[in-house]
>>> print(open('final09.txt').read())   # compact mmCIF, C-alpha atoms
# COMPACT_ATOMS: atom_id res chain seq x y z
CA MET N 2 51.81 -14.37 54.66
CA ALA N 3 53.88 -16.60 56.91
CA ALA N 4 55.78 -19.45 55.32
CA LEU N 5 54.22 -22.88 55.54
CA HIS N 6 57.67 -24.43 55.44
CA THR N 7 60.95 -23.10 56.82
CA PRO N 8 64.58 -24.28 56.64
CA ASP N 9 65.00 -27.58 58.49
CA LYS N 10 68.58 -27.86 59.72
CA LYS N 11 68.22 -31.64 60.16
CA ASN N 12 67.28 -32.23 56.53
CA PHE N 13 68.20 -29.33 54.32
CA ASN N 14 69.06 -28.75 50.70
CA GLN N 15 71.11 -25.63 50.01
CA PHE N 16 72.13 -24.01 46.76
CA VAL N 17 72.90 -20.61 45.23
CA PHE N 18 70.53 -19.33 42.55
CA THR N 19 71.13 -16.36 40.23
CA SER N 20 68.84 -14.20 38.11
CA GLU N 21 69.58 -11.23 35.87
CA SER N 22 67.71 -8.29 34.42
CA VAL N 23 68.43 -5.78 31.68
CA SER N 24 67.38 -2.13 31.47
CA GLU N 25 64.95 -0.47 29.10
CA GLY N 26 67.95 0.74 27.08
CA HIS N 27 69.30 -2.76 26.42
CA PRO N 28 69.11 -3.39 22.64
CA ASP N 29 66.69 -6.32 22.97
CA LYS N 30 64.48 -4.38 25.36
CA VAL N 31 64.40 -1.39 23.01
CA CYS N 32 62.95 -3.80 20.45
CA ASP N 33 60.40 -5.23 22.89
CA GLN N 34 59.20 -1.74 23.77
CA ILE N 35 58.91 -0.64 20.15
CA SER N 36 56.95 -3.80 19.27
CA ASP N 37 54.57 -3.33 22.21
CA ALA N 38 54.18 0.39 21.50
CA ILE N 39 53.08 -0.49 17.96
CA LEU N 40 50.68 -3.09 19.42
CA ASP N 41 49.24 -0.46 21.78
CA ALA N 42 48.81 2.02 18.94
CA HIS N 43 46.63 -0.45 17.04
CA LEU N 44 44.62 -1.53 20.08
CA ALA N 45 43.93 2.14 20.82
CA VAL N 46 42.13 2.57 17.47
CA ASP N 47 40.69 -0.96 17.23
CA PRO N 48 40.62 -3.23 20.32
CA MET N 49 40.06 -6.25 18.06
CA SER N 50 43.36 -5.71 16.23
CA ARG N 51 45.57 -8.68 15.52
CA VAL N 52 49.24 -7.78 15.76
CA ALA N 53 52.46 -9.75 15.36
CA CYS N 54 55.24 -7.15 15.30
CA GLU N 55 58.97 -7.89 15.32
CA THR N 56 61.67 -5.25 15.69
CA LEU N 57 65.41 -5.23 15.01
CA THR N 58 67.70 -2.43 16.14
CA THR N 59 71.27 -1.79 15.10
CA GLN N 60 73.50 1.23 14.53
CA ASP N 61 71.29 4.23 13.65
CA THR N 62 68.59 1.88 12.32
CA VAL N 63 65.29 0.29 13.32
CA VAL N 64 63.72 -2.46 11.19
CA LEU N 65 60.05 -3.39 11.63
CA ALA N 66 58.42 -6.54 10.27
CA GLY N 67 55.24 -8.49 10.87
CA GLU N 68 51.56 -8.88 10.20
CA ILE N 69 48.75 -6.58 11.33
CA ALA N 70 44.98 -6.78 10.94
CA CYS N 71 43.20 -3.62 12.04
CA ASN N 72 39.92 -1.99 11.01
CA LYS N 73 41.69 1.37 10.92
CA GLU N 74 45.01 1.29 9.14
CA ILE N 75 47.60 3.51 10.83
CA PRO N 76 49.68 5.56 8.35
CA THR N 77 53.38 4.82 8.07
CA SER N 78 54.19 8.33 9.31
CA GLU N 79 52.29 7.69 12.54
CA ILE N 80 54.03 4.35 13.05
CA GLU N 81 57.35 6.16 12.72
CA GLN N 82 56.21 8.70 15.32
CA VAL N 83 55.42 5.84 17.71
CA VAL N 84 58.90 4.38 17.19
CA ARG N 85 60.71 7.69 17.66
CA LYS N 86 58.68 8.58 20.75
CA THR N 87 59.49 5.20 22.31
CA ILE N 88 63.21 5.58 21.64
CA SER N 89 63.18 9.12 23.03
CA GLU N 90 61.37 8.08 26.22
CA ILE N 91 63.90 5.31 26.78
CA GLY N 92 66.61 7.96 26.74
CA TYR N 93 68.35 7.69 23.37
CA THR N 94 68.16 11.40 22.51
CA ILE N 95 71.80 12.43 22.10
CA PRO N 96 72.84 12.71 18.43
CA HIS N 97 76.04 11.30 16.94
CA LYS N 98 76.31 8.49 19.53
CA GLY N 99 75.39 5.74 17.05
CA PHE N 100 71.70 5.43 17.95
CA ASP N 101 69.00 7.96 18.78
CA HIS N 102 65.36 8.80 18.06
CA ASN N 103 66.29 10.34 14.68
CA CYS N 104 67.53 7.00 13.35
CA LYS N 105 66.50 5.45 10.03
CA ILE N 106 63.29 3.38 10.21
CA ILE N 107 62.71 0.56 7.71
CA ASN N 108 59.08 -0.58 7.83
CA TYR N 109 58.16 -4.04 6.52
CA LEU N 110 54.91 -4.30 8.49
CA HIS N 111 52.04 -5.41 6.27
CA GLN N 112 48.30 -5.74 6.54
CA GLN N 113 46.79 -9.20 6.91
CA GLU N 114 43.21 -10.09 6.05
CA VAL N 115 41.63 -12.01 8.94
CA ALA N 116 38.21 -12.00 10.60
CA LEU N 117 38.45 -9.56 13.50
CA ASN N 118 36.13 -11.33 15.94
CA GLU N 119 36.41 -13.12 19.25
CA ASN N 120 38.89 -15.94 18.90
CA GLN N 121 37.22 -19.27 19.66
CA GLY N 122 40.35 -21.40 19.61
CA ALA N 123 44.11 -21.20 20.00
CA GLY N 124 45.86 -19.84 16.94
CA ASP N 125 48.78 -22.20 17.42
CA GLN N 126 50.00 -24.99 19.64
CA GLY N 127 52.20 -24.22 22.62
CA LEU N 128 52.86 -24.53 26.31
CA MET N 129 52.88 -21.78 28.91
CA PHE N 130 53.89 -21.55 32.56
CA GLY N 131 52.76 -19.36 35.42
CA TYR N 132 54.33 -19.15 38.86
CA ALA N 133 54.06 -17.43 42.23
CA CYS N 134 55.77 -17.85 45.60
CA ASN N 135 55.86 -16.12 48.96
CA GLN N 136 59.51 -15.01 48.81
CA THR N 137 58.43 -11.38 48.32
CA ARG N 138 55.36 -9.26 48.99
CA HIS N 139 54.54 -9.33 45.29
CA LEU N 140 54.81 -13.13 45.24
CA MET N 141 57.85 -13.32 42.98
CA PRO N 142 61.19 -15.14 43.27
CA ILE N 143 63.50 -12.72 45.05
CA PRO N 144 66.53 -12.92 42.68
CA ILE N 145 64.60 -11.63 39.66
CA ALA N 146 62.57 -9.16 41.76
CA MET N 147 65.75 -7.61 43.11
CA SER N 148 67.44 -7.60 39.70
CA HIS N 149 64.55 -5.59 38.27
CA LYS N 150 64.42 -3.18 41.20
CA LEU N 151 68.13 -2.37 40.90
CA LEU N 152 67.66 -1.25 37.31
CA GLN N 153 64.45 0.63 38.05
CA HIS N 154 66.31 2.65 40.69
CA LEU N 155 69.18 3.15 38.22
CA ALA N 156 66.76 4.45 35.58
CA GLU N 157 65.20 6.79 38.12
CA VAL N 158 68.47 8.56 38.97
CA ARG N 159 69.35 8.70 35.27
CA LYS N 160 66.06 10.21 34.17
CA ASN N 161 65.67 12.72 37.00
CA GLY N 162 69.14 14.11 36.32
CA THR N 163 70.74 13.00 39.60
CA LEU N 164 73.41 11.03 37.69
CA PRO N 165 73.49 12.66 34.23
CA GLU N 166 76.55 10.61 33.20
CA LEU N 167 74.40 7.48 32.93
CA MET N 168 73.24 6.16 29.56
CA PRO N 169 70.19 3.89 29.07
CA ASP N 170 71.86 0.48 28.59
CA ALA N 171 72.48 -1.55 31.78
CA LYS N 172 72.43 -5.01 33.31
CA SER N 173 72.04 -6.42 36.80
CA GLN N 174 72.64 -9.83 38.35
CA VAL N 175 71.73 -11.13 41.80
CA SER N 176 72.68 -14.39 43.55
CA PHE N 177 70.97 -15.73 46.67
CA LYS N 178 71.78 -18.72 48.83
CA PHE N 179 68.69 -20.84 49.44
CA VAL N 180 68.02 -23.48 52.09
CA ASN N 181 65.05 -25.72 51.33
CA ARG N 182 63.98 -23.24 48.62
CA VAL N 183 63.96 -20.38 51.15
CA PRO N 184 66.32 -17.39 50.51
CA VAL N 185 68.68 -16.87 53.45
CA ASP N 186 71.74 -14.93 52.15
CA LEU N 187 72.28 -12.31 49.46
CA GLN N 188 75.68 -13.41 48.17
CA THR N 189 76.47 -11.46 44.99
CA LEU N 190 75.07 -8.29 43.40
CA VAL N 191 76.27 -6.88 40.08
CA ILE N 192 75.36 -3.73 38.16
CA SER N 193 76.96 -2.87 34.83
CA THR N 194 75.88 0.41 33.30
CA HIS N 195 76.61 2.26 30.08
CA HIS N 196 77.78 5.84 30.72
CA MET N 197 79.15 8.95 29.07
CA PRO N 198 82.94 9.26 28.66
CA VAL N 199 84.51 10.15 32.02
CA ASN N 200 87.98 10.18 33.54
CA GLU N 201 89.05 7.70 36.19
CA GLN N 202 88.27 10.01 39.10
CA GLN N 203 84.79 10.72 37.72
CA PHE N 204 84.23 7.01 37.10
CA ASN N 205 85.07 6.10 40.69
CA ALA N 206 82.79 8.87 41.94
CA LEU N 207 80.00 7.58 39.69
CA LYS N 208 80.36 4.06 41.10
CA ALA N 209 80.23 5.43 44.63
CA GLU N 210 77.02 7.30 43.83
CA ILE N 211 75.48 4.19 42.28
CA MET N 212 76.31 2.34 45.48
CA ARG N 213 74.72 5.08 47.60
CA LEU N 214 71.68 5.92 45.49
CA VAL N 215 70.87 2.59 43.81
CA VAL N 216 72.42 -0.47 45.44
CA GLN N 217 71.92 0.24 49.13
CA PRO N 218 68.34 1.55 48.74
CA THR N 219 67.48 -1.54 46.71
CA ILE N 220 68.84 -3.88 49.39
CA ASP N 221 66.88 -1.95 52.02
CA ASP N 222 63.71 -2.09 49.91
CA MET N 223 64.00 -5.82 49.33
CA GLN N 224 64.63 -6.55 53.00
CA SER N 225 61.43 -4.67 53.85
CA GLU N 226 59.47 -6.32 51.04
CA SER N 227 60.72 -9.85 51.58
CA GLU N 228 58.32 -12.18 53.36
CA LEU N 229 61.33 -14.28 54.39
CA PRO N 230 64.21 -12.36 56.08
CA PHE N 231 67.65 -12.65 54.47
CA ASP N 232 71.17 -11.60 55.40
CA ALA N 233 73.01 -9.11 53.16
CA SER N 234 75.97 -8.34 55.41
CA ASN N 235 78.51 -10.39 53.45
CA CYS N 236 77.29 -9.62 49.94
CA ASN N 237 79.93 -9.20 47.22
CA ILE N 238 78.89 -6.04 45.37
CA MET N 239 80.36 -5.30 41.94
CA ILE N 240 79.67 -2.16 39.91
CA ASN N 241 80.98 -2.18 36.32
CA PRO N 242 83.43 -4.98 37.15
CA LEU N 243 85.08 -4.70 33.70
CA GLY N 244 85.63 -0.96 34.11
CA MET N 245 84.28 1.90 32.02
CA TRP N 246 81.50 1.15 29.52
CA THR N 247 81.06 3.95 27.00
CA ASP N 248 79.89 1.98 23.93
CA GLY N 249 76.45 0.55 24.56
CA GLY N 250 72.90 0.26 23.30
CA PRO N 251 71.92 -0.65 19.73
CA ALA N 252 74.95 1.26 18.42
CA ALA N 253 77.17 -1.44 19.91
CA ASP N 254 74.95 -4.55 19.83
CA THR N 255 72.07 -5.55 17.58
CA GLY N 256 68.75 -6.07 19.36
CA LEU N 257 65.76 -8.27 18.55
CA THR N 258 62.24 -8.63 19.92
CA GLY N 259 61.71 -11.63 22.19
CA ARG N 260 65.26 -12.49 23.22
CA LYS N 261 64.82 -11.77 26.94
CA ILE N 262 62.02 -14.20 27.81
CA ILE N 263 63.62 -15.28 31.10
CA VAL N 264 64.10 -11.66 32.19
CA ASP N 265 60.45 -11.07 31.27
CA THR N 266 59.18 -13.88 33.52
CA TYR N 267 60.74 -15.51 36.60
CA GLY N 268 64.48 -15.19 36.09
CA GLY N 269 64.89 -18.92 35.45
CA TRP N 270 63.46 -19.91 38.85
CA ALA N 271 60.37 -21.33 37.13
CA GLN N 272 60.10 -23.06 33.77
CA HIS N 273 59.33 -21.25 30.53
CA GLY N 274 57.35 -22.54 27.56
CA GLY N 275 59.57 -20.70 25.06
CA GLY N 276 57.11 -18.19 23.63
CA ALA N 277 57.93 -14.47 23.81
CA PHE N 278 55.35 -11.83 24.75
CA SER N 279 56.13 -8.47 23.16
CA GLY N 280 54.54 -7.46 19.88
CA LYS N 281 51.73 -10.04 20.19
CA ASP N 282 48.07 -9.29 20.82
CA ALA N 283 46.13 -11.38 23.32
CA THR N 284 44.78 -13.87 20.80
CA LYS N 285 48.31 -15.31 20.86
CA VAL N 286 48.21 -17.76 23.78
CA ASP N 287 51.98 -17.46 24.24
CA ARG N 288 51.12 -14.17 25.93
CA SER N 289 47.54 -14.39 27.22
CA ALA N 290 47.72 -17.92 28.66
CA ALA N 291 51.03 -17.13 30.40
CA TYR N 292 49.36 -14.10 31.98
CA MET N 293 46.41 -16.24 33.08
CA ALA N 294 48.71 -18.87 34.54
CA ARG N 295 50.45 -16.18 36.61
CA HIS N 296 47.06 -14.81 37.75
CA ILE N 297 45.96 -18.25 38.93
CA ALA N 298 49.27 -19.20 40.57
CA LYS N 299 49.34 -15.87 42.40
CA SER N 300 45.75 -16.40 43.58
CA VAL N 301 46.68 -19.85 44.94
CA VAL N 302 49.61 -18.46 46.95
CA ALA N 303 47.78 -15.29 48.05
CA SER N 304 44.91 -17.45 49.31
CA GLY N 305 47.30 -19.35 51.59
CA LEU N 306 46.87 -22.63 49.72
CA ALA N 307 50.61 -23.03 49.05
CA ASP N 308 53.97 -21.34 49.56
CA GLU N 309 54.62 -21.61 45.84
CA CYS N 310 52.65 -22.73 42.84
CA LEU N 311 53.68 -23.60 39.29
CA LEU N 312 51.11 -24.06 36.53
CA GLN N 313 51.54 -25.38 33.02
CA PHE N 314 48.95 -25.07 30.27
CA SER N 315 49.23 -26.63 26.83
CA PHE N 316 47.13 -25.61 23.85
CA VAL N 317 46.51 -27.22 20.45
CA ILE N 318 45.74 -25.13 17.39
CA GLY N 319 42.00 -24.61 17.01
CA GLU N 320 41.12 -25.93 20.47
CA ALA N 321 39.32 -23.47 22.75
CA GLU N 322 40.64 -24.81 26.07
CA PRO N 323 44.03 -26.12 27.18
CA VAL N 324 44.42 -29.83 26.49
CA SER N 325 46.43 -30.25 29.69
CA ILE N 326 46.88 -28.51 33.03
CA MET N 327 49.66 -29.29 35.48
CA VAL N 328 49.87 -27.98 39.06
CA ASP N 329 52.99 -28.30 41.23
CA THR N 330 53.23 -26.77 44.71
CA PHE N 331 56.59 -28.40 45.53
CA ASN N 332 55.08 -30.14 48.57
CA SER N 333 54.08 -26.79 50.09
CA GLY N 334 50.36 -27.06 49.36
CA LYS N 335 47.52 -27.15 51.82
CA TYR N 336 45.85 -29.73 49.58
CA GLU N 337 47.03 -32.30 47.07
CA ASP N 338 48.00 -30.80 43.72
CA SER N 339 45.24 -32.78 42.00
CA LYS N 340 42.64 -31.12 44.24
CA LEU N 341 44.08 -27.69 43.41
CA GLU N 342 43.74 -28.55 39.72
CA ASP N 343 40.05 -29.30 40.27
CA LEU N 344 39.71 -26.01 42.16
CA ILE N 345 41.33 -24.11 39.30
CA ARG N 346 39.14 -25.73 36.66
CA SER N 347 35.99 -24.86 38.61
CA ASN N 348 36.96 -21.22 39.26
CA PHE N 349 38.48 -20.06 35.97
CA ASP N 350 37.34 -19.97 32.35
CA LEU N 351 40.44 -21.18 30.52
CA THR N 352 39.17 -20.76 26.97
CA VAL N 353 41.04 -18.25 24.84
CA LYS N 354 37.97 -16.02 24.80
CA GLY N 355 37.49 -16.43 28.56
CA ILE N 356 41.10 -15.51 29.32
CA ILE N 357 40.95 -12.38 27.17
CA GLN N 358 37.68 -11.26 28.75
CA LYS N 359 38.66 -12.11 32.34
CA LEU N 360 41.93 -10.18 32.15
CA ASP N 361 40.59 -7.42 29.88
CA LEU N 362 43.46 -7.91 27.46
CA ARG N 363 42.23 -5.80 24.54
CA ASN N 364 43.40 -2.54 26.11
CA PRO N 365 46.63 -0.73 25.10
CA ILE N 366 48.58 -1.63 28.27
CA TYR N 367 51.55 -3.50 26.90
CA ARG N 368 54.36 -0.99 26.29
CA SER N 369 54.78 -0.55 30.07
CA THR N 370 55.34 -4.30 30.52
CA ALA N 371 58.14 -4.52 27.98
CA ALA N 372 60.92 -3.58 30.43
CA TYR N 373 61.53 -4.64 34.05
CA GLY N 374 59.33 -7.75 33.83
CA HIS N 375 55.73 -8.65 33.13
CA PHE N 376 55.06 -10.06 36.59
CA GLY N 377 55.29 -8.78 40.16
CA ARG N 378 55.24 -5.15 39.04
CA TYR N 379 54.77 -2.92 42.07
CA ASP N 380 54.66 0.19 39.84
CA LEU N 381 51.83 -0.91 37.54
CA GLU N 382 48.26 -2.07 37.98
CA LEU N 383 48.13 -5.09 35.69
CA PRO N 384 45.00 -7.27 35.53
CA TRP N 385 46.88 -10.55 35.79
CA GLU N 386 48.55 -9.37 39.00
CA LYS N 387 45.20 -9.08 40.78
CA VAL N 388 44.16 -12.10 42.82
CA ILE N 389 40.92 -13.79 43.75
CA GLU N 390 40.41 -15.71 46.98
CA LEU N 391 40.31 -19.47 46.53
CA LYS N 392 39.00 -21.90 49.12
>>> encode(input="final09.txt", output="structure tokens")
Amino acid sequence: MAALHTPDKKNFNQFVFTSESVSEGHPDKVCDQISDAILDAHLAVDPMSRVACETLTTQDTVVLAGEIACNKEIPTSEIEQVVRKTISEIGYTIPHKGFDHNCKIINYLHQQEVALNENQGAGDQGLMFGYACNQTRHLMPIPIAMSHKLLQHLAEVRKNGTLPELMPDAKSQVSFKFVNRVPVDLQTLVISTHHMPVNEQQFNALKAEIMRLVVQPTIDDMQSESELPFDASNCNIMINPLGMWTDGGPAADTGLTGRKIIVDTYGGWAQHGGGAFSGKDATKVDRSAAYMARHIAKSVVASGLADECLLQFSFVIGEAEPVSIMVDTFNSGKYEDSKLEDLIRSNFDLTVKGIIQKLDLRNPIYRSTAAYGHFGRYDLELPWEKVIELK
């Protein structure tokens, strides 16, 4: 859709904004994926399962902890198979590197007795944000969208064998210059990737291939996907700026579930309520209400009612509906924000039960969200990324 507001040279505000992403092999993301894989395993046998699973990874070790209520208890051996399969699919399959799928698994998960029925109220208090904007085709802020895409391309050339020297751990960082909240210049792009031991000549060749196969295609993709054209001609591109990186993953750094909440959402461009997603079933409003807020914000922008839309919900323990709703379109809305709030209330069931049913959140779909972001995913069909037309 065309922008409702464009840079005004007579009255402009300019700044540089940066977002980062981390790959599926980053220690914290390994934990997120294990936690969500365990969630999916329980939802597959009992859609009413209640799961709160935390994971810690360190050298040659995975530690699981949390509470699970499920009508069909999954044996410990099967839980271990889920963990090892997840680690293997991420790419940690080489023995004697400090962490691989044959690592030790310490399981402190325990069964919890709760009524497995439709949740009528929030299980805890909390606040959640959802956001959408017209910077990209998928209605996401462009710095985080590009950061994710860089690492998805990097994972692709690693997994298909094009660059076999690559290891799973990696980071990206992207900085854009904005004028009046519109991206105009790609200023800095960074990729740091874990890799097998190589000599200096091989390392320089690897960086050149990353530039050719990952960085340039990503820039081209984002320029075609961006709803607002940007200049990339003067971008400062850095690949492994500190040099070789041969010690990575959980062997080098301990990982924990839920430590990459900004990577998971909007890259810092929009606010965050503080609650992590992975390892939690949909009765936890930290996850389900944040998904609903994204669904609604995206519907507002996709319907042409605003260039960008930020929603905040707040819940109180035991209450079925949010006790507050805030809408902010940053003066880009077709209507006043208060009118959009009325429109949202009349079009969406915001009870915990209504959110779960509307977005069909009792299916085992979560492992795939646990790396490369929960929102704006062009490679997945996620229910909260669908939009409805609002008038």
>>> residues_around(input="final09.txt", residues="N:His195", least_positions_apart="3", cutoff="7 Å", atoms="all atoms listed in the file", output="PyMOL selection string")
chain N and resi 167-171+246-249
>>> residues_around(input="final09.txt", residues="stretch 351-368 of chain N", least_positions_apart="3", cutoff="7 Å", atoms="only C-alpha atoms", output="PyMOL selection string")
chain N and resi 34+37-38+41+44-45+48-49+119-123+283+289+293+321-323+371+384-385
>>> closest_residue(input="final09.txt", among="N:Ala307, N:Ala146, N:Val84, N:Ala70", to="N:Glu226", atoms="all atoms listed in the file")
N:Ala146
>>> residues_near_point(input="final09.txt", point="(61.8, -9.5, 30.9)", cutoff="9 Å", atoms="all atoms listed in the file", output="list in words")
Ser22, Val23, Lys30, His149, Gly259, Arg260, Lys261, Ile262, Ile263, Val264, Asp265, Thr266, Tyr267, Gly268, Thr370, Ala371, Ala372, Tyr373, Gly374, His375 and Phe376 of chain N
>>> residues_around(input="final09.txt", residues="N:Leu164", least_positions_apart="5", cutoff="8 Å", atoms="all atoms listed in the file", output="PyMOL selection string")
chain N and resi 158-159+207
>>> write_last_selection(input="final09.txt", atoms="C-alpha atoms", output="tab-separated table (two decimals), keeping the file's coordinate frame")
chain	number	residue	atom	x	y	z
N	158	VAL	CA	68.47	8.56	38.97
N	159	ARG	CA	69.35	8.70	35.27
N	207	LEU	CA	80.00	7.58	39.69
>>> atom_distance(input="final09.txt", atom1="atom CA of N:Leu140", atom2="atom CA of N:Glu386")
9.6 Å
>>> atom_distance(input="final09.txt", atom1="atom CA of N:Leu152", atom2="atom CA of N:Ser279")
19.6 Å
>>> axis_aligned_box(input="final09.txt", around="stretch 299-311 of chain N", padding_each_side="3 Å", output="JSON")
{"center_x": 49.8, "center_y": -19.4, "center_z": 45.4, "size_x": 15.7, "size_y": 14.3, "size_z": 18.3}
>>> atom_distance(input="final09.txt", atom1="atom CA of N:His196", atom2="atom CA of N:Gln60")
17.4 Å
>>> closest_residue(input="final09.txt", among="N:Ile145, N:Leu214, N:Ile345, N:Ala291", to="N:Leu306", atoms="only C-alpha atoms")
N:Ile345
>>> residues_around(input="final09.txt", residues="stretch 100-112 of chain N", least_positions_apart="3", cutoff="8 Å", atoms="all atoms listed in the file", output="list in words")
Cys54, Thr59, Gln60, Asp61, Thr62, Val63, Val64, Leu65, Ala66, Gly67, Glu68, Ile69, Ala70, Cys71, Thr77, Glu81, Val84, Arg85, Lys86, Ile88, Ser89, Tyr93, Thr94, Ile95, Pro96, His97, Gly250, Pro251 and Ala252 of chain N
>>> residues_around(input="final09.txt", residues="N:Ser148", least_positions_apart="6", cutoff="6 Å", atoms="all atoms listed in the file", output="PDB file with C-alpha atoms, in the coordinates of the input")
ATOM      1  CA  GLU N  21      69.580 -11.230  35.870  1.00  0.00           C
ATOM      2  CA  SER N  22      67.710  -8.290  34.420  1.00  0.00           C
ATOM      3  CA  SER N 173      72.040  -6.420  36.800  1.00  0.00           C
ATOM      4  CA  GLN N 174      72.640  -9.830  38.350  1.00  0.00           C
ATOM      5  CA  VAL N 175      71.730 -11.130  41.800  1.00  0.00           C
TER       6      VAL N 175
END
>>> closest_residue(input="final09.txt", among="N:Ile389, N:Ile39, N:Val46, N:Val180", to="N:Ser304", atoms="all atoms listed in the file")
N:Ile389
>>> closest_residue(input="final09.txt", among="N:Ile80, N:Ala290, N:Met239, N:Val191", to="N:Gly127", atoms="only C-alpha atoms")
N:Ala290
>>> closest_residue(input="final09.txt", among="N:Val31, N:Ile192, N:Val52, N:Ala298", to="N:Cys134", atoms="only C-alpha atoms")
N:Ala298
>>> decode(input="final09.txt", residues="stretch 68-79 of chain N", atoms="N, CA, C and O atoms", output="PDB file, in the first residue's frame")
ATOM      1  N   GLU N  68       6.682 -27.098  34.310  1.00  0.00           N
ATOM      2  CA  GLU N  68       5.466 -27.777  34.715  1.00  0.00           C
ATOM      3  C   GLU N  68       4.647 -28.143  33.478  1.00  0.00           C
ATOM      4  O   GLU N  68       4.492 -27.318  32.575  1.00  0.00           O
ATOM      5  N   ILE N  69       4.092 -29.343  33.488  1.00  0.00           N
ATOM      6  CA  ILE N  69       3.291 -29.819  32.363  1.00  0.00           C
ATOM      7  C   ILE N  69       2.048 -30.527  32.888  1.00  0.00           C
ATOM      8  O   ILE N  69       2.121 -31.332  33.825  1.00  0.00           O
ATOM      9  N   ALA N  70       0.906 -30.186  32.291  1.00  0.00           N
ATOM     10  CA  ALA N  70      -0.341 -30.914  32.545  1.00  0.00           C
ATOM     11  C   ALA N  70      -0.840 -31.433  31.209  1.00  0.00           C
ATOM     12  O   ALA N  70      -1.107 -30.658  30.291  1.00  0.00           O
ATOM     13  N   CYS N  71      -0.925 -32.759  31.102  1.00  0.00           N
ATOM     14  CA  CYS N  71      -1.286 -33.381  29.827  1.00  0.00           C
ATOM     15  C   CYS N  71      -2.029 -34.675  30.129  1.00  0.00           C
ATOM     16  O   CYS N  71      -1.640 -35.420  31.036  1.00  0.00           O
ATOM     17  N   ASN N  72      -3.106 -34.936  29.386  1.00  0.00           N
ATOM     18  CA  ASN N  72      -3.894 -36.147  29.623  1.00  0.00           C
ATOM     19  C   ASN N  72      -3.159 -37.417  29.212  1.00  0.00           C
ATOM     20  O   ASN N  72      -3.577 -38.516  29.589  1.00  0.00           O
ATOM     21  N   LYS N  73      -2.088 -37.251  28.418  1.00  0.00           N
ATOM     22  CA  LYS N  73      -1.277 -38.406  28.041  1.00  0.00           C
ATOM     23  C   LYS N  73       0.180 -38.081  28.346  1.00  0.00           C
ATOM     24  O   LYS N  73       0.822 -37.325  27.629  1.00  0.00           O
ATOM     25  N   GLU N  74       0.686 -38.642  29.405  1.00  0.00           N
ATOM     26  CA  GLU N  74       2.053 -38.348  29.809  1.00  0.00           C
ATOM     27  C   GLU N  74       3.041 -38.924  28.790  1.00  0.00           C
ATOM     28  O   GLU N  74       2.945 -40.094  28.399  1.00  0.00           O
ATOM     29  N   ILE N  75       3.980 -38.085  28.353  1.00  0.00           N
ATOM     30  CA  ILE N  75       4.975 -38.517  27.380  1.00  0.00           C
ATOM     31  C   ILE N  75       6.192 -39.064  28.130  1.00  0.00           C
ATOM     32  O   ILE N  75       6.749 -38.383  29.003  1.00  0.00           O
ATOM     33  N   PRO N  76       6.616 -40.295  27.816  1.00  0.00           N
ATOM     34  CA  PRO N  76       7.754 -40.887  28.532  1.00  0.00           C
ATOM     35  C   PRO N  76       9.024 -40.047  28.397  1.00  0.00           C
ATOM     36  O   PRO N  76       9.231 -39.356  27.393  1.00  0.00           O
ATOM     37  N   THR N  77       9.868 -40.157  29.396  1.00  0.00           N
ATOM     38  CA  THR N  77      11.129 -39.409  29.401  1.00  0.00           C
ATOM     39  C   THR N  77      11.964 -39.725  28.158  1.00  0.00           C
ATOM     40  O   THR N  77      12.600 -38.838  27.580  1.00  0.00           O
ATOM     41  N   SER N  78      11.949 -40.968  27.727  1.00  0.00           N
ATOM     42  CA  SER N  78      12.739 -41.354  26.553  1.00  0.00           C
ATOM     43  C   SER N  78      12.266 -40.614  25.305  1.00  0.00           C
ATOM     44  O   SER N  78      13.079 -40.237  24.449  1.00  0.00           O
ATOM     45  N   GLU N  79      10.960 -40.399  25.191  1.00  0.00           N
ATOM     46  CA  GLU N  79      10.434 -39.684  24.030  1.00  0.00           C
ATOM     47  C   GLU N  79      10.755 -38.187  24.112  1.00  0.00           C
ATOM     48  O   GLU N  79      11.005 -37.546  23.078  1.00  0.00           O
TER      49      GLU N  79
END
